[in-house]
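Asks: Coordinates in work29.txt, compact mmCIF, C-alpha atoms and all ligand atoms, are listed below.
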# COMPACT_ATOMS: atom_id res chain seq x y z
CA MET I 21 72.75 -41.48 -58.08
CA SER I 22 70.63 -39.00 -60.04
CA SER I 23 67.37 -37.91 -58.42
CA GLU I 24 65.39 -39.91 -61.03
CA ASN I 25 66.74 -43.21 -59.71
CA LYS I 26 66.32 -42.43 -56.06
CA LYS I 27 63.25 -43.24 -54.00
CA THR I 28 61.14 -40.27 -52.94
CA ILE I 29 60.58 -38.88 -49.45
CA PHE I 30 57.96 -36.30 -48.49
CA SER I 31 57.39 -34.74 -45.10
CA GLY I 32 56.11 -31.50 -43.64
CA ILE I 33 55.39 -29.54 -40.49
CA GLN I 34 52.57 -27.07 -39.96
CA PRO I 35 53.53 -23.47 -39.12
CA SER I 36 50.72 -23.47 -36.55
CA GLY I 37 53.05 -22.11 -33.89
CA ARG I 38 56.74 -22.13 -33.06
CA LEU I 39 58.43 -25.52 -33.32
CA THR I 40 58.99 -27.68 -30.27
CA LEU I 41 61.55 -30.25 -29.25
CA GLY I 42 58.91 -32.83 -30.27
CA ASN I 43 58.91 -31.53 -33.84
CA TYR I 44 62.71 -31.53 -33.85
CA LEU I 45 63.23 -35.02 -32.45
CA GLY I 46 60.15 -36.68 -33.93
CA ALA I 47 60.57 -35.18 -37.39
CA ILE I 48 63.37 -32.82 -38.54
CA LYS I 49 66.34 -34.57 -36.89
CA ASN I 50 65.35 -37.84 -38.55
CA TRP I 51 65.18 -36.22 -41.97
CA ILE I 52 68.86 -35.16 -42.01
CA PRO I 53 70.47 -38.58 -42.67
CA LEU I 54 67.93 -39.43 -45.39
CA GLN I 55 69.00 -36.66 -47.74
CA ASP I 56 71.82 -38.49 -49.54
CA GLU I 57 69.95 -41.67 -50.25
CA TYR I 58 66.54 -40.25 -51.22
CA ASP I 59 65.02 -37.54 -53.38
CA CYS I 60 63.58 -35.50 -50.50
CA TYR I 61 60.73 -32.97 -50.47
CA PHE I 62 60.42 -31.07 -47.19
CA CYS I 63 57.49 -28.72 -47.05
CA VAL I 64 56.13 -26.07 -44.69
CA VAL I 65 52.46 -27.09 -44.73
CA ASP I 66 50.84 -23.70 -44.26
CA LEU I 67 47.51 -24.82 -45.79
CA HIS I 68 47.23 -27.41 -43.03
CA ALA I 69 47.91 -24.76 -40.38
CA ILE I 70 44.73 -22.82 -41.25
CA THR I 71 42.54 -25.76 -40.23
CA VAL I 72 42.75 -24.06 -36.84
CA LYS I 73 42.50 -20.27 -36.55
CA GLN I 74 45.73 -18.41 -37.37
CA GLU I 75 46.63 -14.76 -36.96
CA PRO I 76 47.90 -13.69 -40.45
CA LYS I 77 50.94 -11.90 -39.03
CA GLU I 78 51.88 -14.90 -36.88
CA LEU I 79 51.33 -17.33 -39.76
CA ARG I 80 53.75 -15.33 -41.96
CA LYS I 81 56.35 -15.23 -39.22
CA ASN I 82 55.99 -18.90 -38.26
CA THR I 83 56.13 -20.07 -41.89
CA LEU I 84 59.53 -18.47 -42.42
CA GLU I 85 60.78 -19.61 -39.03
CA VAL I 86 59.87 -23.23 -39.79
CA LEU I 87 61.67 -23.03 -43.13
CA ALA I 88 64.72 -21.42 -41.48
CA THR I 89 64.68 -24.16 -38.83
CA TYR I 90 64.77 -26.89 -41.48
CA ILE I 91 67.86 -25.31 -43.01
CA ALA I 92 69.57 -24.48 -39.70
CA SER I 93 69.04 -28.07 -38.50
CA GLY I 94 70.91 -29.44 -41.50
CA ILE I 95 68.44 -29.81 -44.35
CA ASP I 96 70.60 -28.85 -47.29
CA PRO I 97 68.71 -27.02 -50.07
CA LYS I 98 71.29 -28.32 -52.56
CA LYS I 99 70.32 -31.89 -51.76
CA SER I 100 66.64 -31.60 -50.80
CA THR I 101 63.70 -29.63 -52.17
CA LEU I 102 62.46 -27.12 -49.58
CA PHE I 103 59.25 -25.22 -50.17
CA ILE I 104 56.02 -23.73 -48.88
CA GLN I 105 52.86 -25.76 -49.57
CA SER I 106 50.64 -22.83 -50.65
CA HIS I 107 53.18 -21.94 -53.38
CA VAL I 108 52.52 -25.22 -55.19
CA PRO I 109 48.89 -25.42 -56.42
CA THR I 110 48.99 -29.15 -57.22
CA HIS I 111 48.55 -29.98 -53.51
CA VAL I 112 45.05 -28.50 -53.51
CA GLN I 113 44.22 -29.92 -56.93
CA GLY I 114 45.11 -33.42 -55.80
CA ALA I 115 43.23 -32.94 -52.53
CA TRP I 116 39.93 -32.24 -54.31
CA LEU I 117 40.26 -35.34 -56.48
CA LEU I 118 41.04 -37.47 -53.43
CA ASN I 119 38.25 -35.85 -51.39
CA CYS I 120 35.79 -37.33 -53.85
CA MET I 121 37.18 -40.79 -53.12
CA THR I 122 37.34 -40.50 -49.32
CA TYR I 123 34.55 -41.66 -47.02
CA MET I 124 33.07 -39.54 -44.23
CA GLY I 125 33.34 -42.60 -41.96
CA GLU I 126 37.09 -42.94 -42.33
CA LEU I 127 37.65 -39.23 -41.66
CA SER I 128 35.41 -39.22 -38.60
CA ARG I 129 37.55 -41.97 -37.03
CA MET I 130 40.72 -39.82 -37.04
CA THR I 131 41.90 -39.21 -33.47
CA GLN I 132 43.53 -35.86 -34.34
CA TYR I 133 40.17 -34.68 -35.70
CA LYS I 134 38.35 -35.86 -32.59
CA ASP I 135 40.83 -34.04 -30.33
CA LYS I 136 41.02 -30.81 -32.28
CA SER I 137 37.30 -30.54 -33.14
CA GLN I 138 36.51 -30.64 -29.42
CA LYS I 139 38.46 -27.41 -29.06
CA SER I 140 36.60 -25.69 -31.94
CA GLY I 141 33.31 -25.10 -30.16
CA ALA I 142 30.05 -25.36 -32.08
CA ASN I 143 31.46 -24.42 -35.49
CA ILE I 144 33.94 -27.04 -36.63
CA PRO I 145 35.70 -26.01 -39.87
CA ALA I 146 35.22 -28.52 -42.70
CA GLY I 147 38.96 -28.14 -43.36
CA LEU I 148 39.73 -29.76 -40.03
CA PHE I 149 37.68 -32.77 -41.07
CA ASN I 150 39.30 -32.94 -44.51
CA TYR I 151 42.82 -32.30 -43.21
CA PRO I 152 44.03 -35.90 -43.76
CA VAL I 153 42.95 -35.78 -47.42
CA LEU I 154 45.19 -32.78 -48.08
CA MET I 155 47.98 -34.67 -46.35
CA ALA I 156 47.34 -37.70 -48.57
CA SER I 157 47.54 -35.40 -51.59
CA ASP I 158 50.87 -33.93 -50.35
CA ILE I 159 52.27 -37.42 -50.26
CA LEU I 160 50.74 -39.04 -53.33
CA ILE I 161 51.33 -36.26 -55.88
CA TYR I 162 55.09 -36.81 -55.47
CA ASP I 163 54.60 -40.57 -55.85
CA THR I 164 56.28 -40.80 -52.44
CA ASP I 165 57.86 -44.03 -51.19
CA LEU I 166 58.63 -43.06 -47.60
CA VAL I 167 57.17 -40.56 -45.10
CA PRO I 168 59.28 -39.74 -42.01
CA VAL I 169 56.96 -38.57 -39.19
CA GLY I 170 56.27 -39.04 -35.48
CA ILE I 171 53.95 -41.84 -34.36
CA ASP I 172 50.95 -39.47 -34.01
CA GLN I 173 50.76 -39.28 -37.82
CA LYS I 174 50.48 -43.02 -38.41
CA GLN I 175 46.69 -42.99 -38.73
CA HIS I 176 46.81 -40.19 -41.33
CA LEU I 177 49.42 -42.08 -43.26
CA GLU I 178 47.23 -45.16 -43.26
CA LEU I 179 44.56 -43.09 -45.07
CA ALA I 180 47.12 -42.03 -47.69
CA ARG I 181 47.98 -45.69 -48.22
CA ASN I 182 44.30 -46.65 -48.52
CA LEU I 183 43.64 -43.85 -51.00
CA ALA I 184 46.63 -44.87 -53.13
CA GLU I 185 45.28 -48.41 -53.30
CA ARG I 186 41.71 -47.23 -53.89
CA PHE I 187 42.81 -45.07 -56.83
CA ASN I 188 45.00 -47.83 -58.27
CA ASN I 189 42.08 -50.28 -58.09
CA ALA I 190 39.47 -47.86 -59.43
CA TYR I 191 41.54 -46.84 -62.47
CA SER I 192 44.93 -48.48 -63.02
CA PRO I 193 48.27 -48.59 -61.13
CA THR I 194 49.20 -44.93 -60.58
CA PHE I 195 50.57 -44.51 -57.07
CA THR I 196 53.25 -46.17 -55.00
CA VAL I 197 51.74 -47.10 -51.63
CA PRO I 198 53.82 -44.96 -49.22
CA GLU I 199 55.50 -46.43 -46.14
CA PRO I 200 55.90 -44.65 -42.78
CA HIS I 201 59.41 -44.07 -41.42
CA ILE I 202 59.09 -43.73 -37.65
CA VAL I 203 62.14 -43.68 -35.37
CA LYS I 204 61.14 -45.37 -32.12
CA ALA I 205 63.09 -43.51 -29.41
CA SER I 206 62.01 -40.07 -30.60
CA ALA I 207 58.58 -41.01 -32.03
CA LYS I 208 56.70 -39.34 -29.20
CA ILE I 209 58.23 -36.68 -26.97
CA MET I 210 55.87 -36.03 -24.08
CA ASP I 211 54.39 -32.91 -22.54
CA LEU I 212 56.61 -31.75 -19.65
CA GLN I 213 53.66 -31.02 -17.37
CA GLU I 214 51.41 -33.94 -18.33
CA PRO I 215 53.85 -36.62 -19.49
CA THR I 216 51.12 -38.96 -20.70
CA LYS I 217 50.22 -36.45 -23.47
CA LYS I 218 52.40 -35.65 -26.50
CA MET I 219 54.36 -32.39 -26.43
CA SER I 220 52.51 -30.04 -28.79
CA LYS I 221 53.25 -26.58 -30.13
CA SER I 222 49.60 -25.58 -29.77
CA SER I 223 49.44 -26.26 -26.02
CA ASP I 224 48.21 -23.33 -23.90
CA ASN I 225 50.88 -23.85 -21.24
CA PRO I 226 54.40 -22.79 -22.34
CA ASN I 227 55.91 -24.85 -19.50
CA SER I 228 54.63 -27.98 -21.19
CA TYR I 229 56.97 -27.70 -24.17
CA ILE I 230 60.51 -26.69 -25.11
CA LEU I 231 60.66 -24.51 -28.19
CA ILE I 232 63.58 -24.98 -30.55
CA MET I 233 64.15 -21.24 -30.15
CA ASP I 234 63.91 -21.16 -26.31
CA GLU I 235 66.91 -19.48 -24.65
CA PRO I 236 69.20 -21.73 -22.55
CA ASN I 237 67.96 -20.33 -19.21
CA VAL I 238 64.35 -20.94 -20.28
CA ILE I 239 65.20 -24.52 -21.27
CA ARG I 240 66.87 -25.11 -17.88
CA LYS I 241 63.88 -23.68 -16.04
CA LYS I 242 61.29 -25.70 -18.00
CA ILE I 243 63.19 -28.99 -17.60
CA SER I 244 63.84 -28.40 -13.90
CA ARG I 245 60.10 -27.81 -13.38
CA SER I 246 59.03 -30.78 -15.48
CA VAL I 247 56.70 -33.22 -13.77
CA THR I 248 58.28 -36.47 -12.54
CA ASP I 249 57.01 -38.66 -9.69
CA SER I 250 57.60 -39.48 -6.04
CA ILE I 251 59.40 -42.78 -6.61
CA GLY I 252 62.79 -41.07 -6.50
CA THR I 253 64.90 -43.56 -8.49
CA VAL I 254 65.58 -43.42 -12.21
CA ASN I 255 63.88 -46.25 -14.12
CA TYR I 256 62.69 -46.57 -17.70
CA SER I 257 59.10 -47.45 -16.96
CA ASP I 258 55.55 -46.51 -17.94
CA ASP I 259 54.91 -45.95 -14.23
CA GLN I 260 57.35 -43.03 -14.42
CA PRO I 261 56.35 -41.28 -17.68
CA GLY I 262 58.11 -37.99 -16.82
CA VAL I 263 61.44 -39.69 -16.10
CA LYS I 264 61.00 -41.94 -19.14
CA ASN I 265 60.55 -38.88 -21.33
CA LEU I 266 63.74 -37.24 -19.99
CA LEU I 267 65.65 -40.47 -20.55
CA ASN I 268 64.36 -40.69 -24.13
CA ILE I 269 65.49 -37.13 -24.82
CA ILE I 270 69.01 -37.69 -23.41
CA SER I 271 69.25 -41.01 -25.20
CA VAL I 272 68.65 -39.46 -28.63
CA PHE I 273 70.95 -36.48 -28.07
CA GLU I 274 73.79 -38.45 -26.53
CA ASN I 275 73.38 -41.53 -28.65
CA LYS I 276 73.17 -43.83 -25.62
CA THR I 277 70.67 -46.60 -24.96
CA THR I 278 68.12 -46.05 -22.20
CA ASP I 279 69.56 -49.14 -20.43
CA GLU I 280 72.99 -47.50 -20.33
CA LEU I 281 71.43 -44.33 -18.95
CA VAL I 282 69.39 -46.11 -16.26
CA ASP I 283 72.60 -47.81 -15.15
CA TYR I 284 74.44 -44.47 -15.05
CA TYR I 285 71.71 -42.76 -12.99
CA LYS I 286 71.27 -45.73 -10.65
CA ASP I 287 72.68 -43.87 -7.62
CA LYS I 288 71.78 -40.37 -8.79
CA GLY I 289 68.65 -38.28 -8.31
CA TYR I 290 66.20 -36.46 -10.57
CA LYS I 291 68.08 -33.17 -10.12
CA GLU I 292 71.14 -34.50 -11.94
CA LEU I 293 69.00 -36.21 -14.58
CA LYS I 294 67.23 -32.93 -15.29
CA GLU I 295 70.46 -30.89 -15.41
CA ASP I 296 72.02 -33.34 -17.86
CA CYS I 297 68.87 -33.36 -19.97
CA ALA I 298 68.82 -29.55 -20.16
CA ASN I 299 72.51 -29.46 -21.10
CA ALA I 300 72.05 -32.05 -23.83
CA ILE I 301 69.19 -30.02 -25.33
CA ILE I 302 71.08 -26.72 -25.13
CA ASN I 303 74.26 -28.16 -26.70
CA GLU I 304 72.32 -29.27 -29.74
CA LEU I 305 69.96 -26.31 -30.08
CA GLU I 306 72.30 -23.36 -29.54
CA PRO I 307 74.06 -23.49 -32.95
CA ILE I 308 70.70 -24.09 -34.66
CA GLN I 309 69.19 -21.01 -33.00
CA LYS I 310 72.12 -18.88 -34.13
CA ARG I 311 71.68 -19.98 -37.76
CA VAL I 312 67.88 -19.51 -37.66
CA ASN I 313 68.39 -15.93 -36.53
CA GLU I 314 70.93 -15.28 -39.29
CA LEU I 315 68.54 -16.63 -41.92
CA LEU I 316 65.64 -14.57 -40.59
CA ASP I 317 67.79 -11.43 -40.56
CA ASN I 318 68.46 -11.75 -44.26
CA LYS I 319 65.27 -13.02 -45.92
CA LYS I 320 66.86 -12.96 -49.42
CA GLU I 321 68.54 -16.32 -48.94
CA LEU I 322 65.31 -17.88 -47.67
CA GLU I 323 63.39 -16.37 -50.56
CA GLU I 324 65.76 -17.86 -53.13
CA ILE I 325 65.50 -21.26 -51.47
CA TYR I 326 61.69 -21.41 -51.34
CA LYS I 327 61.28 -20.04 -54.86
CA GLU I 328 63.62 -22.59 -56.36
CA GLY I 329 62.02 -25.30 -54.20
CA SER I 330 58.46 -24.59 -55.27
CA ALA I 331 59.43 -24.58 -58.96
CA LYS I 332 61.01 -28.03 -58.56
CA ALA I 333 58.10 -29.31 -56.49
CA PHE I 334 55.56 -28.11 -59.05
CA LYS I 335 57.47 -29.67 -61.92
CA LYS I 336 57.47 -33.08 -60.24
CA SER I 337 53.94 -33.05 -58.80
CA ILE I 338 52.10 -31.78 -61.89
CA LYS I 339 53.06 -34.98 -63.70
CA GLN I 340 51.15 -37.08 -61.18
CA VAL I 341 48.17 -34.69 -61.07
CA ARG I 342 47.95 -34.82 -64.89
CA LYS I 343 47.91 -38.61 -64.70
CA MET I 344 45.11 -38.46 -62.14
CA HIS I 345 43.09 -36.07 -64.29
CA LYS I 346 43.55 -38.20 -67.38
CA LYS I 347 42.58 -41.46 -65.69
CA MET I 348 39.54 -39.90 -64.06
CA GLY I 349 38.22 -38.65 -67.39
CA PHE I 350 39.03 -34.93 -67.43
CA ILE I 351 39.70 -33.31 -70.82
CA PRO I 352 43.40 -32.28 -71.00
CA ASN I 353 43.97 -28.57 -71.60
P1 LIG I 401 49.94 -28.94 -33.49
O1 LIG I 401 50.25 -28.78 -32.03
O2 LIG I 401 49.73 -27.66 -34.21
O3 LIG I 401 48.90 -29.98 -33.76
P2 LIG I 401 52.33 -30.49 -33.62
O4 LIG I 401 53.27 -29.81 -32.71
O5 LIG I 401 51.69 -31.76 -33.21
O6 LIG I 401 51.22 -29.49 -34.14
P3 LIG I 401 52.78 -31.03 -36.40
O7 LIG I 401 53.02 -29.88 -37.28
O8 LIG I 401 51.41 -31.60 -36.41
O9 LIG I 401 53.17 -30.67 -34.92
O10 LIG I 401 53.81 -32.18 -36.63
C1 LIG I 401 55.01 -32.07 -37.33
C2 LIG I 401 55.84 -33.30 -37.15
O11 LIG I 401 56.34 -33.34 -35.82
C3 LIG I 401 55.11 -34.63 -37.36
O12 LIG I 401 55.97 -35.53 -38.01
C4 LIG I 401 54.81 -35.09 -35.99
O13 LIG I 401 54.69 -36.49 -35.91
C5 LIG I 401 56.04 -34.59 -35.24
N1 LIG I 401 55.75 -34.37 -33.84
C6 LIG I 401 54.96 -33.40 -33.33
N2 LIG I 401 54.93 -33.47 -31.99
C7 LIG I 401 55.74 -34.51 -31.65
C8 LIG I 401 56.12 -35.09 -30.40
N3 LIG I 401 55.68 -34.62 -29.27
N4 LIG I 401 56.97 -36.13 -30.43
C9 LIG I 401 57.44 -36.63 -31.60
N5 LIG I 401 57.11 -36.13 -32.80
C10 LIG I 401 56.27 -35.09 -32.83
N1 LIG I 402 49.81 -33.76 -40.61
C1 LIG I 402 51.23 -33.66 -40.44
C2 LIG I 402 51.84 -32.56 -41.26
C3 LIG I 402 51.81 -32.97 -42.67
C4 LIG I 402 52.57 -34.01 -43.25
C5 LIG I 402 52.17 -34.04 -44.61
C6 LIG I 402 53.52 -34.90 -42.78
C7 LIG I 402 51.02 -32.46 -43.64
N2 LIG I 402 51.24 -33.07 -44.81
C8 LIG I 402 52.70 -34.97 -45.50
C9 LIG I 402 54.04 -35.82 -43.68
C10 LIG I 402 53.64 -35.85 -45.01
C11 LIG I 402 51.53 -33.42 -39.03
O1 LIG I 402 52.61 -33.69 -38.67
N3 LIG I 402 50.64 -32.93 -38.26
Could I get this structure in the form of structure tokens?
Ligand code: ATP
Ligand code: LTN
Replies:
Amino acid sequence: MSSENKKTIFSGIQPSGRLTLGNYLGAIKNWIPLQDEYDCYFCVVDLHAITVKQEPKELRKNTLEVLATYIASGIDPKKSTLFIQSHVPTHVQGAWLLNCMTYMGELSRMTQYKDKSQKSGANIPAGLFNYPVLMASDILIYDTDLVPVGIDQKQHLELARNLAERFNNAYSPTFTVPEPHIVKASAKIMDLQEPTKKMSKSSDNPNSYILIMDEPNVIRKKISRSVTDSIGTVNYSDDQPGVKNLLNIISVFENKTTDELVDYYKDKGYKELKEDCANAIINELEPIQKRVNELLDNKKELEEIYKEGSAKAFKKSIKQVRKMHKKMGFIPN
């Protein structure tokens, strides 16, 4: 099928740190099988990352590492469009137009904003408040059908859907109303130290997350120290969030149901569960790490990929931005 007849997918990850197992399982891994059926746009959303303070040197490094991780994990630049958000100006253009149609009330209800603004002290950047509008622009300017993300992004996606409908009603049908694509088992990988919180790359405690680039011995150590409980038997239950998280991770990597796993671990202890979990993670991540390092050692290949990607992304998204401008009453140039 040519890309014109395929439905469109858009997703992105912020280079606000190094990627975690949560980003891999909740996002990237689910993107791989979608590439044949859909016209996919996978973006490194660097403009979103600066809604919290970034060190320029780290931002540069993380941006390329995120892109390299997409490719090393199996996103094929021949099938999908891979690019860096700041290279494609239509994202910001669309965001301004949508900002003027978004209500303060709906942005102030966003849980991510509430969480992150608490950490900003007295001076909360306006960008943090407007973050979901830029995300809506990312999605709508490609006339996206489907957005594969983890469950934490559902509320932001709801805003994108509302804005699509609001624009369509205010002017005339312009946008497809995008649907979320959330894979249940991996939708929320939990913090290893506080398993009722989501694993996050911006956590202050490195023992709370596994990085995609963590060395095998580090992965073993972090999993073996992960918080469980004093019950002592392996069950898939909200009363045992640490154990439940480990079971979810093994289940996705080994393609087994959590029921099958609970049965298998019935007479076994947490030590074995943790060892198996660490091995499952290492088996999958080791080849990815090797490829990420190769790509980062020779930046030429990455450069070709993101340049070609941003040209394709611009070509597609400018069409939708022009439509928006025209319908809103701007004079074409
Ligand atoms: P930050 O810590 O900087 O807020 P993050 O680690 O939450 O970032 P994002 O860049 O906001 O990561 O998210 C990228 C993608 O990874 C999104 O689709 C998000 O839903 C998914 N994701 C992030 N953390 C997890 C997690 N713990 N479990 C499942 N999916 C996750
Ligand atoms: N807010 C998202 C990252 C993101 C995104 C997007 C995801 C920015 N723009 C568009 C999907 C589609 C997050 O995961 N924190």
Asks: Using all atoms listed in the file, list the residues that have an atom at most 12 Å from (68.1, -33.3, -36.6), coordinates as in the file, as number ranges by chain.
Replies: I: 41-55, 89-96, 206, 232, 272-273, 301, 304-305, 308
Asks: Taking all atoms listed in the file into account, which of I:Ser100, I:Asn143, I:Thr164, I:Asn150 comes nearest Ile29 in chain I?
Replies: I:Thr164
Asks: For Arg181 in chain I, which residue among I:Gln34, I:Gln340, I:Thr122, I:Ser228 is the nearest when counting all atoms listed in the file?
Replies: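 Using all atoms listed in the file, Arg181 in chain I sits closest to I:Thr122.
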Asks: Select from chain I every residue with an atom at most 9 Å from any atom of ligand LIG 401 (chain I), then for each give the shortest pair of atoms and their distance in Å to one decimal, using all atoms listed in the file, rows by chain and rising number, as JSON lines.
Replies:
{"residue": "I:Ser31", "atom": "CA", "partner": "I:LIG401", "partner_atom": "O12", "distance": 7.3}
{"residue": "I:Gly32", "atom": "CA", "partner": "I:LIG401", "partner_atom": "C1", "distance": 6.4}
{"residue": "I:Ile33", "atom": "CA", "partner": "I:LIG401", "partner_atom": "O7", "distance": 4.0}
{"residue": "I:Gln34", "atom": "CA", "partner": "I:LIG401", "partner_atom": "O7", "distance": 3.9}
{"residue": "I:Pro35", "atom": "CA", "partner": "I:LIG401", "partner_atom": "O7", "distance": 6.7}
{"residue": "I:Ser36", "atom": "CA", "partner": "I:LIG401", "partner_atom": "O2", "distance": 4.9}
{"residue": "I:Gly37", "atom": "CA", "partner": "I:LIG401", "partner_atom": "O2", "distance": 6.5}
{"residue": "I:Arg38", "atom": "CA", "partner": "I:LIG401", "partner_atom": "O4", "distance": 8.4}
{"residue": "I:Leu39", "atom": "CA", "partner": "I:LIG401", "partner_atom": "O4", "distance": 6.7}
{"residue": "I:Thr40", "atom": "CA", "partner": "I:LIG401", "partner_atom": "O4", "distance": 6.6}
{"residue": "I:Leu41", "atom": "CA", "partner": "I:LIG401", "partner_atom": "N3", "distance": 7.3}
{"residue": "I:Gly42", "atom": "CA", "partner": "I:LIG401", "partner_atom": "C8", "distance": 3.6}
{"residue": "I:Asn43", "atom": "CA", "partner": "I:LIG401", "partner_atom": "O11", "distance": 3.7}
{"residue": "I:Tyr44", "atom": "CA", "partner": "I:LIG401", "partner_atom": "O11", "distance": 6.9}
{"residue": "I:Leu45", "atom": "CA", "partner": "I:LIG401", "partner_atom": "C9", "distance": 6.1}
{"residue": "I:Gly46", "atom": "CA", "partner": "I:LIG401", "partner_atom": "N5", "distance": 3.3}
{"residue": "I:Ala47", "atom": "CA", "partner": "I:LIG401", "partner_atom": "O12", "distance": 4.7}
{"residue": "I:Ile48", "atom": "CA", "partner": "I:LIG401", "partner_atom": "O11", "distance": 7.6}
{"residue": "I:Val64", "atom": "CA", "partner": "I:LIG401", "partner_atom": "O7", "distance": 8.9}
{"residue": "I:Val65", "atom": "CA", "partner": "I:LIG401", "partner_atom": "O7", "distance": 8.0}
{"residue": "I:His68", "atom": "CA", "partner": "I:LIG401", "partner_atom": "O7", "distance": 8.5}
{"residue": "I:Ala69", "atom": "CA", "partner": "I:LIG401", "partner_atom": "O2", "distance": 7.1}
{"residue": "I:Val72", "atom": "CA", "partner": "I:LIG401", "partner_atom": "O2", "distance": 8.3}
{"residue": "I:Gln132", "atom": "CA", "partner": "I:LIG401", "partner_atom": "O3", "distance": 8.0}
{"residue": "I:Lys136", "atom": "CA", "partner": "I:LIG401", "partner_atom": "O3", "distance": 8.1}
{"residue": "I:Val167", "atom": "CA", "partner": "I:LIG401", "partner_atom": "O12", "distance": 8.8}
{"residue": "I:Pro168", "atom": "CA", "partner": "I:LIG401", "partner_atom": "O12", "distance": 6.7}
{"residue": "I:Val169", "atom": "CA", "partner": "I:LIG401", "partner_atom": "O12", "distance": 3.4}
{"residue": "I:Gly170", "atom": "CA", "partner": "I:LIG401", "partner_atom": "O13", "distance": 3.0}
{"residue": "I:Ile171", "atom": "CA", "partner": "I:LIG401", "partner_atom": "O13", "distance": 5.6}
{"residue": "I:Asp172", "atom": "CA", "partner": "I:LIG401", "partner_atom": "O13", "distance": 5.1}
{"residue": "I:Gln173", "atom": "CA", "partner": "I:LIG401", "partner_atom": "O13", "distance": 5.2}
{"residue": "I:Lys174", "atom": "CA", "partner": "I:LIG401", "partner_atom": "O13", "distance": 8.2}
{"residue": "I:Ile202", "atom": "CA", "partner": "I:LIG401", "partner_atom": "O13", "distance": 8.6}
{"residue": "I:Ser206", "atom": "CA", "partner": "I:LIG401", "partner_atom": "C9", "distance": 5.8}
{"residue": "I:Ala207", "atom": "CA", "partner": "I:LIG401", "partner_atom": "C9", "distance": 4.5}
{"residue": "I:Lys208", "atom": "CA", "partner": "I:LIG401", "partner_atom": "N4", "distance": 3.4}
{"residue": "I:Ile209", "atom": "CA", "partner": "I:LIG401", "partner_atom": "N4", "distance": 3.7}
{"residue": "I:Met210", "atom": "CA", "partner": "I:LIG401", "partner_atom": "N3", "distance": 5.4}
{"residue": "I:Asp211", "atom": "CA", "partner": "I:LIG401", "partner_atom": "N3", "distance": 7.1}
{"residue": "I:Lys217", "atom": "CA", "partner": "I:LIG401", "partner_atom": "N3", "distance": 8.2}
{"residue": "I:Lys218", "atom": "CA", "partner": "I:LIG401", "partner_atom": "N3", "distance": 4.4}
{"residue": "I:Met219", "atom": "CA", "partner": "I:LIG401", "partner_atom": "N3", "distance": 3.8}
{"residue": "I:Ser220", "atom": "CA", "partner": "I:LIG401", "partner_atom": "O4", "distance": 4.0}
{"residue": "I:Lys221", "atom": "CA", "partner": "I:LIG401", "partner_atom": "O4", "distance": 4.1}
{"residue": "I:Ser222", "atom": "CA", "partner": "I:LIG401", "partner_atom": "O1", "distance": 4.0}
{"residue": "I:Ser223", "atom": "CA", "partner": "I:LIG401", "partner_atom": "O1", "distance": 6.6}
{"residue": "I:Tyr229", "atom": "CA", "partner": "I:LIG401", "partner_atom": "N3", "distance": 8.7}
Asks: Using the file's own x, y and z axes, what box holds all listed atoms of ligand LIG 402 (chain I) with 8 Å on each side, keeping edges along x, y and z, and what are its centre and edge lengths in Å to one decimal, as lines of an AutoDock Vina configuration file?
Replies:
center_x = 51.9
center_y = -34.2
center_z = -41.9
size_x = 20.2
size_y = 19.4
size_z = 23.2
Asks: What does the structure give for the distance between CA of Gly252 in chain I and CA of Pro236 in chain I, in Å to one decimal?
Replies: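 Distance reported for this atom pair: 25.9 Å.
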Asks: When you count all atoms listed in the file, which of these residues is closest to Arg129 in chain I: I:Leu179, I:Cys297, I:Leu315, I:Ile239?
Replies: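 Once distances to Arg129 in chain I are computed over all atoms listed in the file, the minimum belongs to I:Leu179.
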Asks: How far is it from CA of Ser106 in chain I to CA of Lys26 in chain I, in Å with one decimal?
Replies: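 Interatomic distance, CA of Ser106 in chain I to CA of Lys26 in chain I: 25.7 Å.
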Asks: Excluding Tyr191 in chain I and its own-chain neighbours fewer than 6 positions away, which residues fall within 10 Å of it when counting only C-alpha atoms? Please give them as a VMD selection string.
Replies: chain I and resid 344 347 to 348
Asks: So which one's closest to ligand LIG 402 (chain I), I:Asp283, I:Asp56, I:Glu178, I:Glu85? Using only C-alpha atoms and all ligand atoms, please.
Replies: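 Nearest candidate to ligand LIG 402 (chain I) out of I:Asp283, I:Asp56, I:Glu178, I:Glu85: I:Glu178.
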Asks: Measure the distance from CA of His201 in chain I to CA of Ile270 in chain I in Å and round it to one decimal.
Replies: 21.4 Å
Asks: Taking into account only C-alpha atoms and all ligand atoms, which residue in the set I:His111, I:Lys336, I:Lys99, I:Lys327 is nearest to ligand LIG 402 (chain I)?
Replies: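 Looking only at the distances to ligand LIG 402 (chain I), the closest residue turns out to be I:His111.
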Asks: Closest to Gln105 in chain I among I:Leu231, I:Cys63, I:Leu118, I:Ala156, using only C-alpha atoms?
Replies: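 Smallest distance to Gln105 in chain I is found for I:Cys63.
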Asks: May I have the protein, DNA and RNA residues with any atom at most 7 Å from the point (64.0, -43.9, -54.4), counting all atoms listed in the file, written as a short mmCIF file (atom, residue, chain, number, x, y, z; two decimals) with C-alpha atoms, in the frame of the given file?
Replies:
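Saved result, result-v6.cif, follows:
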data_model
loop_
_atom_site.label_atom_id
_atom_site.label_comp_id
_atom_site.auth_asym_id
_atom_site.auth_seq_id
_atom_site.Cartn_x
_atom_site.Cartn_y
_atom_site.Cartn_z
CA ASN I 25 66.74 -43.21 -59.71
CA LYS I 26 66.32 -42.43 -56.06
CA LYS I 27 63.25 -43.24 -54.00
CA THR I 28 61.14 -40.27 -52.94
CA TYR I 58 66.54 -40.25 -51.22
CA ASP I 59 65.02 -37.54 -53.38
CA ASP I 165 57.86 -44.03 -51.19
#
